[in-house]
file start.cif (mmCIF, C-alpha atoms)
data_structure
#
loop_
_atom_site.label_atom_id
_atom_site.label_comp_id
_atom_site.auth_asym_id
_atom_site.auth_seq_id
_atom_site.Cartn_x
_atom_site.Cartn_y
_atom_site.Cartn_z
CA MET A 150 13.28 -4.53 -5.46
CA THR A 151 15.77 -4.78 -2.64
CA THR A 152 15.29 -3.95 1.02
CA ASP A 153 17.82 -2.12 3.12
CA THR A 154 18.11 0.26 6.07
CA LEU A 155 19.03 3.92 5.78
CA GLN A 156 21.13 4.74 8.83
CA ALA A 157 19.99 8.04 10.26
CA ALA A 158 18.94 9.51 13.61
CA VAL A 159 15.78 7.46 13.09
CA PRO A 160 16.78 4.42 10.99
CA LEU A 161 14.58 4.00 7.95
CA ARG A 162 13.88 0.60 6.42
CA TYR A 163 13.37 1.07 2.72
CA THR A 164 12.88 -0.71 -0.57
CA ALA A 165 14.87 0.37 -3.61
CA PRO A 166 14.15 -0.26 -7.28
CA ASP A 167 16.22 -2.84 -9.10
CA PRO A 168 19.48 -1.32 -10.34
CA GLY A 169 19.14 -0.33 -13.96
CA ALA A 170 15.35 0.01 -13.84
CA GLU A 171 14.39 2.78 -16.21
CA GLY A 172 11.83 5.54 -15.82
CA VAL A 173 10.69 7.90 -13.11
CA PRO A 174 10.74 6.03 -9.78
CA VAL A 175 7.43 5.59 -7.97
CA LEU A 176 7.66 6.36 -4.25
CA LEU A 177 5.02 4.41 -2.31
CA VAL A 178 4.03 5.91 1.05
CA HIS A 179 1.94 3.69 3.32
CA GLY A 180 -0.83 4.59 5.73
CA PHE A 181 -1.03 4.93 9.51
CA GLY A 182 -0.37 1.68 11.34
CA SER A 183 0.67 -0.17 8.18
CA ASP A 184 4.03 -0.67 6.50
CA PHE A 185 5.45 -1.06 2.99
CA GLU A 186 4.83 -4.82 2.89
CA LEU A 187 1.26 -4.73 4.18
CA ASN A 188 0.14 -1.66 2.27
CA TRP A 189 1.82 -2.20 -1.07
CA VAL A 190 3.17 -5.75 -1.49
CA ARG A 191 0.41 -7.95 -0.05
CA THR A 192 -2.27 -5.81 -1.66
CA GLY A 193 -0.81 -6.35 -5.14
CA TRP A 194 0.30 -2.76 -5.78
CA THR A 195 3.91 -3.71 -6.45
CA ARG A 196 2.64 -6.38 -8.88
CA ALA A 197 0.41 -3.83 -10.62
CA LEU A 198 3.36 -1.41 -10.89
CA ALA A 199 5.91 -4.10 -11.78
CA ASP A 200 6.87 -2.33 -15.02
CA LEU A 201 7.94 0.76 -13.09
CA PRO A 202 10.88 1.33 -10.74
CA VAL A 203 9.25 1.20 -7.29
CA ALA A 204 10.69 2.56 -4.05
CA GLY A 205 9.29 3.11 -0.59
CA CYS A 206 9.93 2.84 3.10
CA ASP A 207 8.42 1.95 6.43
CA LEU A 208 7.55 5.34 7.90
CA ARG A 209 9.17 6.09 11.26
CA GLY A 210 7.12 4.49 14.01
CA HIS A 211 6.15 1.67 11.65
CA GLY A 212 7.42 -1.68 10.38
CA GLY A 213 11.19 -2.08 10.49
CA SER A 214 12.03 1.60 10.94
CA GLY A 215 12.96 3.44 14.15
CA LYS A 216 10.10 4.10 16.56
CA PRO A 217 10.58 7.20 18.71
CA HIS A 218 7.90 7.84 21.34
CA ASP A 219 7.69 11.65 21.26
CA ALA A 220 5.05 13.42 19.16
CA ALA A 221 7.57 15.99 17.91
CA SER A 222 9.27 13.23 15.93
CA TYR A 223 6.10 12.70 13.89
CA THR A 224 5.20 16.09 12.50
CA PRO A 225 4.34 16.06 8.79
CA GLY A 226 7.62 17.93 8.24
CA ALA A 227 9.63 15.23 10.03
CA LEU A 228 8.01 12.42 8.05
CA VAL A 229 8.42 14.29 4.75
CA GLY A 230 12.07 14.84 5.75
CA ASP A 231 12.52 11.07 5.83
CA LEU A 232 11.04 10.79 2.35
CA VAL A 233 13.40 13.45 1.00
CA ALA A 234 16.34 11.73 2.71
CA LEU A 235 15.32 8.50 1.00
CA LEU A 236 15.07 10.18 -2.42
CA ASP A 237 18.51 11.70 -1.83
CA ALA A 238 19.99 8.34 -0.80
CA LEU A 239 18.54 6.70 -3.90
CA GLY A 240 19.85 9.50 -6.11
CA THR A 241 16.31 10.21 -7.27
CA GLU A 242 15.93 13.77 -8.49
CA GLN A 243 12.25 13.45 -9.29
CA CYS A 244 9.68 10.79 -8.44
CA ASP A 245 6.03 10.00 -8.83
CA VAL A 246 4.48 9.59 -5.39
CA VAL A 247 1.60 7.33 -4.41
CA GLY A 248 0.24 7.55 -0.87
CA TYR A 249 -2.51 5.82 1.04
CA SER A 250 -4.30 7.54 3.93
CA LEU A 251 -1.60 9.19 6.08
CA GLY A 252 0.76 8.44 3.19
CA ALA A 253 -1.46 10.47 0.86
CA ARG A 254 -1.32 13.41 3.23
CA LEU A 255 2.48 13.09 3.21
CA ALA A 256 2.51 12.85 -0.60
CA TRP A 257 0.61 16.16 -0.68
CA GLU A 258 3.06 17.74 1.79
CA LEU A 259 6.04 16.42 -0.19
CA ALA A 260 4.67 17.91 -3.41
CA LEU A 261 3.91 21.17 -1.63
CA ALA A 262 7.30 21.58 0.06
CA HIS A 263 9.43 20.06 -2.71
CA PRO A 264 7.56 20.55 -6.00
CA ALA A 265 10.70 19.92 -8.05
CA ARG A 266 11.00 16.42 -6.58
CA VAL A 267 7.49 15.30 -7.56
CA ARG A 268 6.28 14.76 -11.12
CA ARG A 269 2.82 13.29 -10.44
CA ALA A 270 0.96 12.34 -7.28
CA VAL A 271 -1.71 9.74 -6.50
CA LEU A 272 -3.54 10.39 -3.23
CA ALA A 273 -5.57 7.36 -2.15
CA GLY A 274 -7.85 6.84 0.84
CA PHE A 275 -7.65 10.48 1.75
CA GLY A 276 -9.88 13.51 2.08
CA PRO A 277 -9.58 17.03 3.45
CA ARG A 278 -11.60 16.29 6.59
CA ASP A 279 -9.70 16.09 9.90
CA ALA A 280 -8.89 12.38 10.30
CA PHE A 281 -8.63 12.88 14.06
CA ALA A 282 -12.02 14.55 14.51
CA GLY A 283 -13.47 13.70 17.92
CA ALA A 284 -10.53 11.48 18.87
CA ASP A 285 -9.08 11.58 22.38
CA LEU A 286 -5.42 11.29 21.42
CA ASP A 287 -4.34 10.98 25.06
CA ASP A 288 -6.46 7.87 25.58
CA LEU A 289 -6.65 6.05 22.29
CA GLU A 290 -7.12 2.67 23.97
CA SER A 291 -10.65 3.63 24.96
CA ASP A 292 -11.40 6.28 22.34
CA ASP A 293 -14.45 5.32 20.28
CA SER A 294 -14.02 7.78 17.41
CA ALA A 295 -13.34 6.49 13.90
CA PHE A 296 -9.64 7.12 14.42
CA GLY A 297 -9.66 5.31 17.78
CA GLN A 298 -10.78 2.18 15.97
CA VAL A 299 -8.07 2.58 13.33
CA TYR A 300 -5.50 3.03 16.10
CA ARG A 301 -6.54 -0.07 18.01
CA ALA A 302 -6.58 -2.27 14.90
CA ALA A 303 -3.09 -1.01 14.01
CA SER A 304 -1.68 -1.33 17.52
CA ARG A 305 -2.66 -5.01 17.67
CA LEU A 306 -0.76 -5.99 14.52
CA PRO A 307 2.37 -8.08 15.13
CA GLY A 308 5.41 -5.87 15.66
CA ALA A 309 3.37 -2.73 16.29
CA ASP A 310 4.59 -0.27 18.91
CA PRO A 311 1.43 1.31 20.40
CA ALA A 312 3.33 4.15 22.09
CA ALA A 313 5.02 5.08 18.80
CA LEU A 314 1.70 4.95 16.94
CA ALA A 315 0.04 7.16 19.55
CA ALA A 316 2.93 9.64 19.30
CA CYS A 317 2.59 9.57 15.51
CA ALA A 318 -1.12 10.38 15.79
CA ARG A 319 -0.43 13.29 18.13
CA GLY A 320 2.35 14.63 15.91
CA GLN A 321 0.10 14.56 12.87
CA ALA A 322 -2.95 15.95 14.66
CA ALA A 323 -0.92 18.93 15.90
CA HIS A 324 -0.62 20.01 12.24
CA PRO A 325 -4.08 19.65 10.68
CA PHE A 326 -4.28 19.26 6.91
CA ARG A 327 -5.05 22.42 4.94
CA SER A 328 -6.15 22.31 1.32
CA ALA A 329 -4.61 25.70 0.58
CA PRO A 330 -2.05 26.34 -0.60
CA ALA A 331 -2.12 23.32 -2.90
CA PRO A 332 0.93 21.89 -4.66
CA GLU A 333 1.53 23.82 -7.87
CA SER A 334 2.24 22.15 -11.18
CA VAL A 335 1.95 18.61 -9.83
CA PRO A 336 -0.87 16.71 -11.56
CA MET A 337 -2.82 14.71 -9.00
CA LEU A 338 -5.19 11.76 -9.04
CA LEU A 339 -7.41 11.26 -5.98
CA MET A 340 -8.96 7.85 -5.28
CA ALA A 341 -10.78 6.08 -2.47
CA GLY A 342 -13.36 3.46 -1.65
CA GLU A 343 -16.95 4.51 -2.23
CA ARG A 344 -17.64 3.98 1.51
CA ASP A 345 -14.37 5.37 2.88
CA ASP A 346 -15.28 7.62 5.82
CA LEU A 347 -11.75 8.99 5.96
CA ALA A 348 -12.02 10.23 2.36
CA THR A 349 -15.08 12.38 2.96
CA GLY A 350 -14.82 15.52 0.85
CA MET A 351 -12.35 13.99 -1.60
CA GLU A 352 -14.38 15.26 -4.55
CA ASP A 353 -14.35 18.80 -3.10
CA LEU A 354 -10.58 18.63 -2.81
CA ALA A 355 -10.40 17.38 -6.41
CA ARG A 356 -12.48 20.32 -7.63
CA GLU A 357 -10.39 22.81 -5.66
CA THR A 358 -7.14 21.48 -7.05
CA GLY A 359 -8.19 20.43 -10.53
CA ALA A 360 -7.33 16.82 -9.75
CA ALA A 361 -9.14 13.80 -11.14
CA ALA A 362 -11.11 11.72 -8.62
CA LEU A 363 -12.09 8.07 -8.63
CA ARG A 364 -14.08 5.82 -6.27
CA ALA A 365 -13.91 2.02 -5.92
CA PRO A 366 -17.47 0.67 -5.70
CA GLY A 367 -18.44 -0.96 -2.41
CA ARG A 368 -15.06 -0.51 -0.73
CA ASP A 369 -14.28 1.13 2.60
CA HIS A 370 -11.01 2.56 3.92
CA ARG A 371 -9.61 -0.85 4.83
CA THR A 372 -10.59 -2.77 1.70
CA ALA A 373 -10.10 -0.14 -1.02
CA VAL A 374 -6.34 -0.47 -0.66
CA ALA A 375 -6.49 -3.80 -2.52
CA ALA A 376 -8.99 -2.71 -5.19
CA GLN A 377 -7.84 -3.69 -8.66
CA GLY A 378 -9.60 -0.72 -10.27
CA LEU A 379 -7.62 1.76 -8.20
CA LYS A 380 -4.28 0.07 -8.89
CA LYS A 381 -4.97 0.03 -12.62
CA ALA A 382 -6.05 3.68 -12.66
CA ALA A 383 -2.92 4.67 -10.76
CA ALA A 384 -0.70 2.72 -13.17
CA GLU A 385 -2.38 4.39 -16.16
CA PHE A 386 -2.05 7.82 -14.59
CA LEU A 387 1.64 7.28 -13.88
CA THR A 388 2.45 5.88 -17.32
CA ALA A 389 0.45 8.38 -19.39
CA GLN A 390 2.79 9.89 -21.96
CA ALA A 391 1.90 13.57 -21.68
CA ALA A 392 1.56 15.39 -18.40
CA VAL A 393 -2.07 15.25 -17.37
CA PRO A 394 -3.62 18.69 -17.67
CA ARG A 395 -5.11 20.17 -14.52
CA GLY A 396 -8.64 21.45 -14.25
CA MET B 88 1.45 -36.62 -21.34
CA THR B 89 0.15 -33.14 -22.12
CA HIS B 90 -3.58 -33.50 -21.48
CA PRO B 91 -4.84 -31.09 -18.81
CA GLU B 92 -5.12 -32.14 -15.22
CA GLU B 93 -7.05 -30.42 -12.50
CA THR B 94 -5.41 -29.01 -9.43
CA THR B 95 -7.06 -27.15 -6.59
CA PHE B 96 -5.51 -24.19 -4.84
CA HIS B 97 -6.44 -23.81 -1.18
CA LEU B 98 -6.57 -20.58 0.79
CA PRO B 99 -2.98 -20.14 1.99
CA ASP B 100 -1.92 -19.21 5.50
CA LEU B 101 -2.05 -15.42 5.50
CA GLY B 102 0.06 -15.10 8.64
CA GLU B 103 -0.68 -13.15 11.79
CA GLY B 104 -2.60 -16.10 13.22
CA LEU B 105 -5.51 -15.54 10.84
CA VAL B 106 -7.72 -18.56 10.26
CA GLU B 107 -10.04 -17.28 7.56
CA ALA B 108 -10.57 -14.59 4.94
CA THR B 109 -13.54 -13.15 3.08
CA VAL B 110 -13.56 -12.93 -0.70
CA LEU B 111 -13.80 -9.28 -1.72
CA GLU B 112 -13.58 -9.71 -5.46
CA TRP B 113 -12.59 -12.38 -7.94
CA LEU B 114 -10.17 -11.07 -10.55
CA VAL B 115 -10.69 -14.14 -12.76
CA ARG B 116 -13.70 -16.07 -14.06
CA PRO B 117 -14.05 -19.74 -15.03
CA GLY B 118 -12.51 -20.19 -18.47
CA ASP B 119 -9.94 -17.45 -17.96
CA ARG B 120 -6.31 -18.27 -18.60
CA VAL B 121 -4.07 -17.03 -15.80
CA GLU B 122 -0.35 -16.64 -15.59
CA ARG B 123 1.70 -17.70 -12.63
CA ASN B 124 1.78 -14.77 -10.19
CA GLY B 125 -1.11 -13.08 -12.02
CA PRO B 126 -3.78 -11.43 -9.82
CA LEU B 127 -6.35 -14.04 -8.76
CA VAL B 128 -8.54 -12.76 -5.95
CA GLU B 129 -8.79 -9.96 -3.41
CA VAL B 130 -9.56 -11.02 0.14
CA GLU B 131 -10.24 -9.26 3.41
CA THR B 132 -9.17 -10.49 6.83
CA THR B 133 -9.93 -9.01 10.21
CA LYS B 134 -6.60 -7.21 9.94
CA SER B 135 -6.07 -6.18 6.35
CA ALA B 136 -6.95 -6.56 2.70
CA ALA B 137 -4.75 -8.53 0.33
CA GLU B 138 -4.47 -9.72 -3.25
CA ILE B 139 -3.62 -13.39 -3.74
CA PRO B 140 -1.66 -14.20 -6.89
CA SER B 141 -2.07 -17.37 -8.88
CA PRO B 142 0.40 -20.08 -7.80
CA HIS B 143 0.72 -21.36 -11.38
CA ALA B 144 -0.32 -20.90 -15.00
CA GLY B 145 -3.48 -22.55 -16.22
CA VAL B 146 -7.15 -22.16 -17.01
CA VAL B 147 -9.64 -21.43 -14.24
CA ALA B 148 -12.06 -24.37 -13.99
CA ARG B 149 -14.08 -23.54 -10.89
CA LEU B 150 -14.22 -20.93 -8.12
CA HIS B 151 -15.11 -22.39 -4.72
CA ALA B 152 -16.40 -19.26 -2.99
CA GLU B 153 -18.74 -16.42 -3.87
CA GLU B 154 -17.77 -12.80 -3.34
CA GLY B 155 -18.63 -11.95 0.26
CA GLU B 156 -18.17 -15.55 1.38
CA THR B 157 -15.76 -16.43 4.18
CA VAL B 158 -13.20 -19.15 3.47
CA ALA B 159 -11.14 -21.03 6.06
CA VAL B 160 -7.38 -21.26 5.65
CA GLY B 161 -6.76 -24.57 3.87
CA ALA B 162 -10.21 -24.72 2.26
CA PRO B 163 -10.52 -24.98 -1.55
CA LEU B 164 -10.37 -21.59 -3.25
CA VAL B 165 -10.06 -22.24 -6.97
CA THR B 166 -9.52 -25.22 -9.26
CA PHE B 167 -7.31 -24.90 -12.32
CA GLU B 168 -6.74 -26.97 -15.39
CA VAL B 169 -3.02 -27.13 -15.87
CA ALA B 170 -0.75 -29.01 -18.25
CA ALA B 171 -0.03 -32.41 -16.70
CA GLN B 172 3.65 -31.84 -16.09
CA ASP B 173 2.91 -28.54 -14.34
CA ALA B 174 0.61 -30.27 -11.88
CA ALA B 175 3.33 -32.45 -10.46
CA GLY B 176 4.51 -31.40 -7.06
CA ILE B 177 2.17 -28.46 -6.67
CA VAL B 178 1.55 -27.49 -3.10
CA GLY B 179 -1.02 -25.01 -1.88
CA THR B 180 1.15 -22.08 -1.04
CA VAL B 181 1.45 -18.62 -2.45
CA PRO B 182 4.62 -18.04 -4.40
CA THR B 183 6.79 -15.69 -2.46
CA GLU B 184 8.53 -12.77 -4.03
CA GLU B 185 10.97 -12.38 -1.23
CA ALA B 186 13.31 -9.56 -2.04
CA PRO B 187 16.95 -10.20 -1.35
CA ARG B 188 17.69 -8.68 2.02
CA ARG B 189 20.94 -6.95 2.64
CA ARG B 190 21.90 -4.78 5.51
CA VAL B 191 24.60 -2.42 4.40
CA ARG B 192 25.22 1.18 5.14
CA LEU B 193 24.43 3.66 2.44
CA ARG B 194 27.02 5.99 3.88
CA PRO B 195 30.33 4.81 5.27
CA PRO B 196 30.70 5.02 9.03
CA GLU B 197 32.00 8.42 10.05
CA ASP B 198 35.12 7.06 11.69
CA GLU B 199 36.44 5.72 8.41
#
call {"tool": "encode", "arguments": {"input": "start.cif", "output": "structure tokens"}}
result
Amino acid sequence: MTTDTLQAAVPLRYTAPDPGAEGVPVLLVHGFGSDFELNWVRTGWTRALADLPVAGCDLRGHGGSGKPHDAASYTPGALVGDLVALLDALGTEQCDVVGYSLGARLAWELALAHPARVRRAVLAGFGPRDAFAGADLDDLESDDSAFGQVYRAASRLPGADPAALAACARGQAAHPFRSAPAPESVPMLLMAGERDDLATGMEDLARETGAAALRAPGRDHRTAVAAQGLKKAAAEFLTAQAAVPRG
Amino acid sequence: MTHPEETTFHLPDLGEGLVEATVLEWLVRPGDRVERNGPLVEVETTKSAAEIPSPHAGVVARLHAEEGETVAVGAPLVTFEVAAQDAAGIVGTVPTEEAPRRRVRLRPPEDE
């Protein structure tokens, strides 16, 4: 893997597969308040997927990418636009996409808006329930909802830009997730920690879409990201020879 | 000399000013042979969850913490039996897989 920056209106720091790596590239999309390194490298995902060409980026507002402060820069469409720009820059016609939390929502939106670009999708740490339920997005510093706690933990990480993260939350919340329409013809695997409050309803979403669903015993939203069982299941799903039938 | 020697791996500095981590799950058991960089243990800090890879190849002799137990940075984590020559010069750090970093433009500047 090599790291580089895609020069655009909002610069995007990204990781590209090694030149000559064969197979369908896996696009890794991190969660809110995280970045490629924290979400995928330190947790062992890139090690678990070492046999596959792996790509990914720091989402705008995160890590080494540009960090605008207006909510309009963080709509799902804007973030998915960055992912498509990255696929274009890498010359990747079709990828497998793996997302965690916010990244899973974006993986869904990518598959929905650009079905030809996505072969298979793994949605981790994600459910159809509104992640921002009860959150006061104009005062996240003192908000005591589940999301408020996620925000504060993220905003205290080194290098975090709290204003950008708050704008990202508002941009996402302005476009709540809807489970219909669902991406057509993209086999999906849903996975989360057994005690992940942000993945409530994941099994319902799996039934609606014909996706497989998997839980990591004992894990919550923060700790499931490193769960060996989830990484292995994702690797098996992405390397299965035949397309996985839906339903 | 090829007889095995023991070497103990200590919890490495996880950055971000963290002083301890809690063992989430061991990915190896005593008696297991591990490869260098193979998955060793999953830990949780106050800021994130991480997987720590094995710093070298060997056989797991002893684990020094139970799952759910909190370990201080620098405290013993796992003891390996390694071939004698592999034990020389081992230090308690995680091998880094630092990607080569380049900063080049994907597209040429527009004024060219």
call {"tool": "resolve_selection", "arguments": {"input": "start.cif", "expression": "the PyMOL selection byres ((chain B and resi 130-143) around 6)", "output": "list of chain:residue names"}}
result
A:Arg191, A:Thr192, A:Gly193, A:Thr372, A:Ala375, B:Ala108, B:Thr109, B:Val110, B:Leu111, B:Arg123, B:Asn124, B:Gly125, B:Pro126, B:Leu127, B:Val128, B:Glu129, B:Ala144, B:Val181, B:Pro182
call {"tool": "closest_residue", "arguments": {"input": "start.cif", "among": "A:His218, A:Arg266, A:Arg319, A:His370", "to": "chain B", "atoms": "only C-alpha atoms"}}
result
A:His370
call {"tool": "resolve_selection", "arguments": {"input": "start.cif", "expression": "the PyMOL selection byres ((chain A) within 8 of (chain B))", "output": "list in words"}}
result
Met150, Thr151, Thr152, Asp153, Thr154, Leu155, Gln156, Leu187, Arg191, Thr192, Gly193, Ala238, Ala302, Leu306, Pro307, Arg371, Thr372, Val374, Ala375, Ala376 and Gln377 of chain A
call {"tool": "write_last_selection", "arguments": {"input": "start.cif", "atoms": "C-alpha atoms", "output": "short mmCIF file (atom, residue, chain, number, x, y, z; two decimals), in the coordinates of the input"}}
result
data_model
loop_
_atom_site.label_atom_id
_atom_site.label_comp_id
_atom_site.auth_asym_id
_atom_site.auth_seq_id
_atom_site.Cartn_x
_atom_site.Cartn_y
_atom_site.Cartn_z
CA MET A 150 13.28 -4.53 -5.46
CA THR A 151 15.77 -4.78 -2.64
CA THR A 152 15.29 -3.95 1.02
CA ASP A 153 17.82 -2.12 3.12
CA THR A 154 18.11 0.26 6.07
CA LEU A 155 19.03 3.92 5.78
CA GLN A 156 21.13 4.74 8.83
CA LEU A 187 1.26 -4.73 4.18
CA ARG A 191 0.41 -7.95 -0.05
CA THR A 192 -2.27 -5.81 -1.66
CA GLY A 193 -0.81 -6.35 -5.14
CA ALA A 238 19.99 8.34 -0.80
CA ALA A 302 -6.58 -2.27 14.90
CA LEU A 306 -0.76 -5.99 14.52
CA PRO A 307 2.37 -8.08 15.13
CA ARG A 371 -9.61 -0.85 4.83
CA THR A 372 -10.59 -2.77 1.70
CA VAL A 374 -6.34 -0.47 -0.66
CA ALA A 375 -6.49 -3.80 -2.52
CA ALA A 376 -8.99 -2.71 -5.19
CA GLN A 377 -7.84 -3.69 -8.66
#
call {"tool": "resolve_selection", "arguments": {"input": "start.cif", "expression": "the PyMOL selection byres ((chain A and resi 356-369) around 7)", "output": "list of chain:residue names"}}
result
A:Ala331, A:Pro336, A:Met337, A:Leu338, A:Leu339, A:Met340, A:Ala341, A:Gly342, A:Glu343, A:Arg344, A:Asp345, A:Glu352, A:Asp353, A:Leu354, A:Ala355, A:His370, A:Arg371, A:Thr372, A:Ala373, A:Ala376, A:Gly378, A:Leu379, A:Arg395, A:Gly396
call {"tool": "atom_distance", "arguments": {"input": "start.cif", "atom1": "CA of Pro225 (chain A)", "atom2": "CA of Leu201 (chain A)"}}
result
26.9 Å
call {"tool": "atom_distance", "arguments": {"input": "start.cif", "atom1": "CA of His179 (chain A)", "atom2": "CA of Gly248 (chain A)"}}
result
5.9 Å
call {"tool": "atom_distance", "arguments": {"input": "start.cif", "atom1": "CA of Val175 (chain A)", "atom2": "CA of Arg196 (chain A)"}}
result
12.9 Å
call {"tool": "closest_residue", "arguments": {"input": "start.cif", "among": "A:Arg301, A:Arg269, A:Glu171, A:Gly182", "to": "Ala199 (chain A)", "atoms": "all atoms listed in the file"}}
result
A:Glu171
call {"tool": "residues_around", "arguments": {"input": "start.cif", "residues": "Pro166 (chain A)", "least_positions_apart": "4", "cutoff": "8 Å", "atoms": "only C-alpha atoms", "output": "VMD selection string"}}
result
chain A and resid 150 to 151 170 174 202 to 204
call {"tool": "residues_around", "arguments": {"input": "start.cif", "residues": "Pro163 (chain B)", "least_positions_apart": "6", "cutoff": "8 Å", "atoms": "all atoms listed in the file", "output": "ChimeraX atom specification"}}
result
/B:95-98,151
call {"tool": "residues_around", "arguments": {"input": "start.cif", "residues": "Met351 (chain A)", "least_positions_apart": "6", "cutoff": "7 Å", "atoms": "all atoms listed in the file", "output": "number ranges by chain"}}
result
A: 275-277
call {"tool": "decode", "arguments": {"input": "start.cif", "residues": "region 138-160 of chain B", "atoms": "N, CA and C atoms", "output": "mmCIF file, in the first residue's frame"}}
result
data_model
loop_
_atom_site.group_PDB
_atom_site.id
_atom_site.type_symbol
_atom_site.label_atom_id
_atom_site.label_comp_id
_atom_site.auth_asym_id
_atom_site.auth_seq_id
_atom_site.Cartn_x
_atom_site.Cartn_y
_atom_site.Cartn_z
ATOM 1 N N GLU B 138 -5.449 -4.245 17.096
ATOM 2 C CA GLU B 138 -4.877 -5.592 17.076
ATOM 3 C C GLU B 138 -3.363 -5.440 17.112
ATOM 4 N N ILE B 139 -2.726 -6.158 18.026
ATOM 5 C CA ILE B 139 -1.266 -6.095 18.120
ATOM 6 C C ILE B 139 -0.685 -7.336 17.463
ATOM 7 N N PRO B 140 0.203 -7.125 16.477
ATOM 8 C CA PRO B 140 0.813 -8.275 15.793
ATOM 9 C C PRO B 140 2.024 -8.786 16.561
ATOM 10 N N SER B 141 2.385 -10.005 16.290
ATOM 11 C CA SER B 141 3.547 -10.595 16.949
ATOM 12 C C SER B 141 4.831 -9.948 16.423
ATOM 13 N N PRO B 142 5.741 -9.563 17.323
ATOM 14 C CA PRO B 142 6.982 -8.917 16.883
ATOM 15 C C PRO B 142 7.971 -9.909 16.289
ATOM 16 N N HIS B 143 7.753 -11.221 16.489
ATOM 17 C CA HIS B 143 8.667 -12.188 15.883
ATOM 18 C C HIS B 143 8.017 -13.563 15.820
ATOM 19 N N ALA B 144 8.687 -14.479 15.142
ATOM 20 C CA ALA B 144 8.187 -15.851 15.019
ATOM 21 C C ALA B 144 8.621 -16.655 16.234
ATOM 22 N N GLY B 145 7.765 -17.547 16.665
ATOM 23 C CA GLY B 145 8.136 -18.391 17.793
ATOM 24 C C GLY B 145 6.948 -19.180 18.290
ATOM 25 N N VAL B 146 7.123 -19.784 19.461
ATOM 26 C CA VAL B 146 6.035 -20.531 20.092
ATOM 27 C C VAL B 146 5.621 -19.788 21.352
ATOM 28 N N VAL B 147 4.312 -19.640 21.532
ATOM 29 C CA VAL B 147 3.809 -18.923 22.707
ATOM 30 C C VAL B 147 4.050 -19.785 23.947
ATOM 31 N N ALA B 148 4.796 -19.241 24.913
ATOM 32 C CA ALA B 148 5.054 -19.969 26.158
ATOM 33 C C ALA B 148 4.028 -19.590 27.221
ATOM 34 N N ARG B 149 3.858 -18.315 27.457
ATOM 35 C CA ARG B 149 2.930 -17.854 28.494
ATOM 36 C C ARG B 149 2.274 -16.543 28.095
ATOM 37 N N LEU B 150 1.002 -16.393 28.470
ATOM 38 C CA LEU B 150 0.300 -15.112 28.349
ATOM 39 C C LEU B 150 0.313 -14.470 29.735
ATOM 40 N N HIS B 151 0.535 -13.161 29.801
ATOM 41 C CA HIS B 151 0.678 -12.520 31.109
ATOM 42 C C HIS B 151 -0.562 -11.760 31.554
ATOM 43 N N ALA B 152 -1.637 -11.830 30.762
ATOM 44 C CA ALA B 152 -2.858 -11.124 31.174
ATOM 45 C C ALA B 152 -4.072 -11.924 30.712
ATOM 46 N N GLU B 153 -5.101 -11.901 31.529
ATOM 47 C CA GLU B 153 -6.360 -12.545 31.160
ATOM 48 C C GLU B 153 -7.149 -11.598 30.259
ATOM 49 N N GLU B 154 -8.099 -12.157 29.528
ATOM 50 C CA GLU B 154 -9.010 -11.298 28.777
ATOM 51 C C GLU B 154 -9.803 -10.459 29.779
ATOM 52 N N GLY B 155 -9.931 -9.173 29.492
ATOM 53 C CA GLY B 155 -10.617 -8.265 30.415
ATOM 54 C C GLY B 155 -9.673 -7.579 31.381
ATOM 55 N N GLU B 156 -8.422 -8.025 31.425
ATOM 56 C CA GLU B 156 -7.451 -7.445 32.352
ATOM 57 C C GLU B 156 -6.767 -6.239 31.710
ATOM 58 N N THR B 157 -6.485 -5.232 32.546
ATOM 59 C CA THR B 157 -5.816 -4.031 32.055
ATOM 60 C C THR B 157 -4.307 -4.164 32.260
ATOM 61 N N VAL B 158 -3.564 -3.810 31.215
ATOM 62 C CA VAL B 158 -2.108 -3.952 31.213
ATOM 63 C C VAL B 158 -1.487 -2.576 30.990
ATOM 64 N N ALA B 159 -0.474 -2.251 31.797
ATOM 65 C CA ALA B 159 0.222 -0.971 31.625
ATOM 66 C C ALA B 159 1.190 -1.060 30.454
ATOM 67 N N VAL B 160 1.373 0.070 29.762
ATOM 68 C CA VAL B 160 2.392 0.121 28.710
ATOM 69 C C VAL B 160 3.738 -0.239 29.332
#
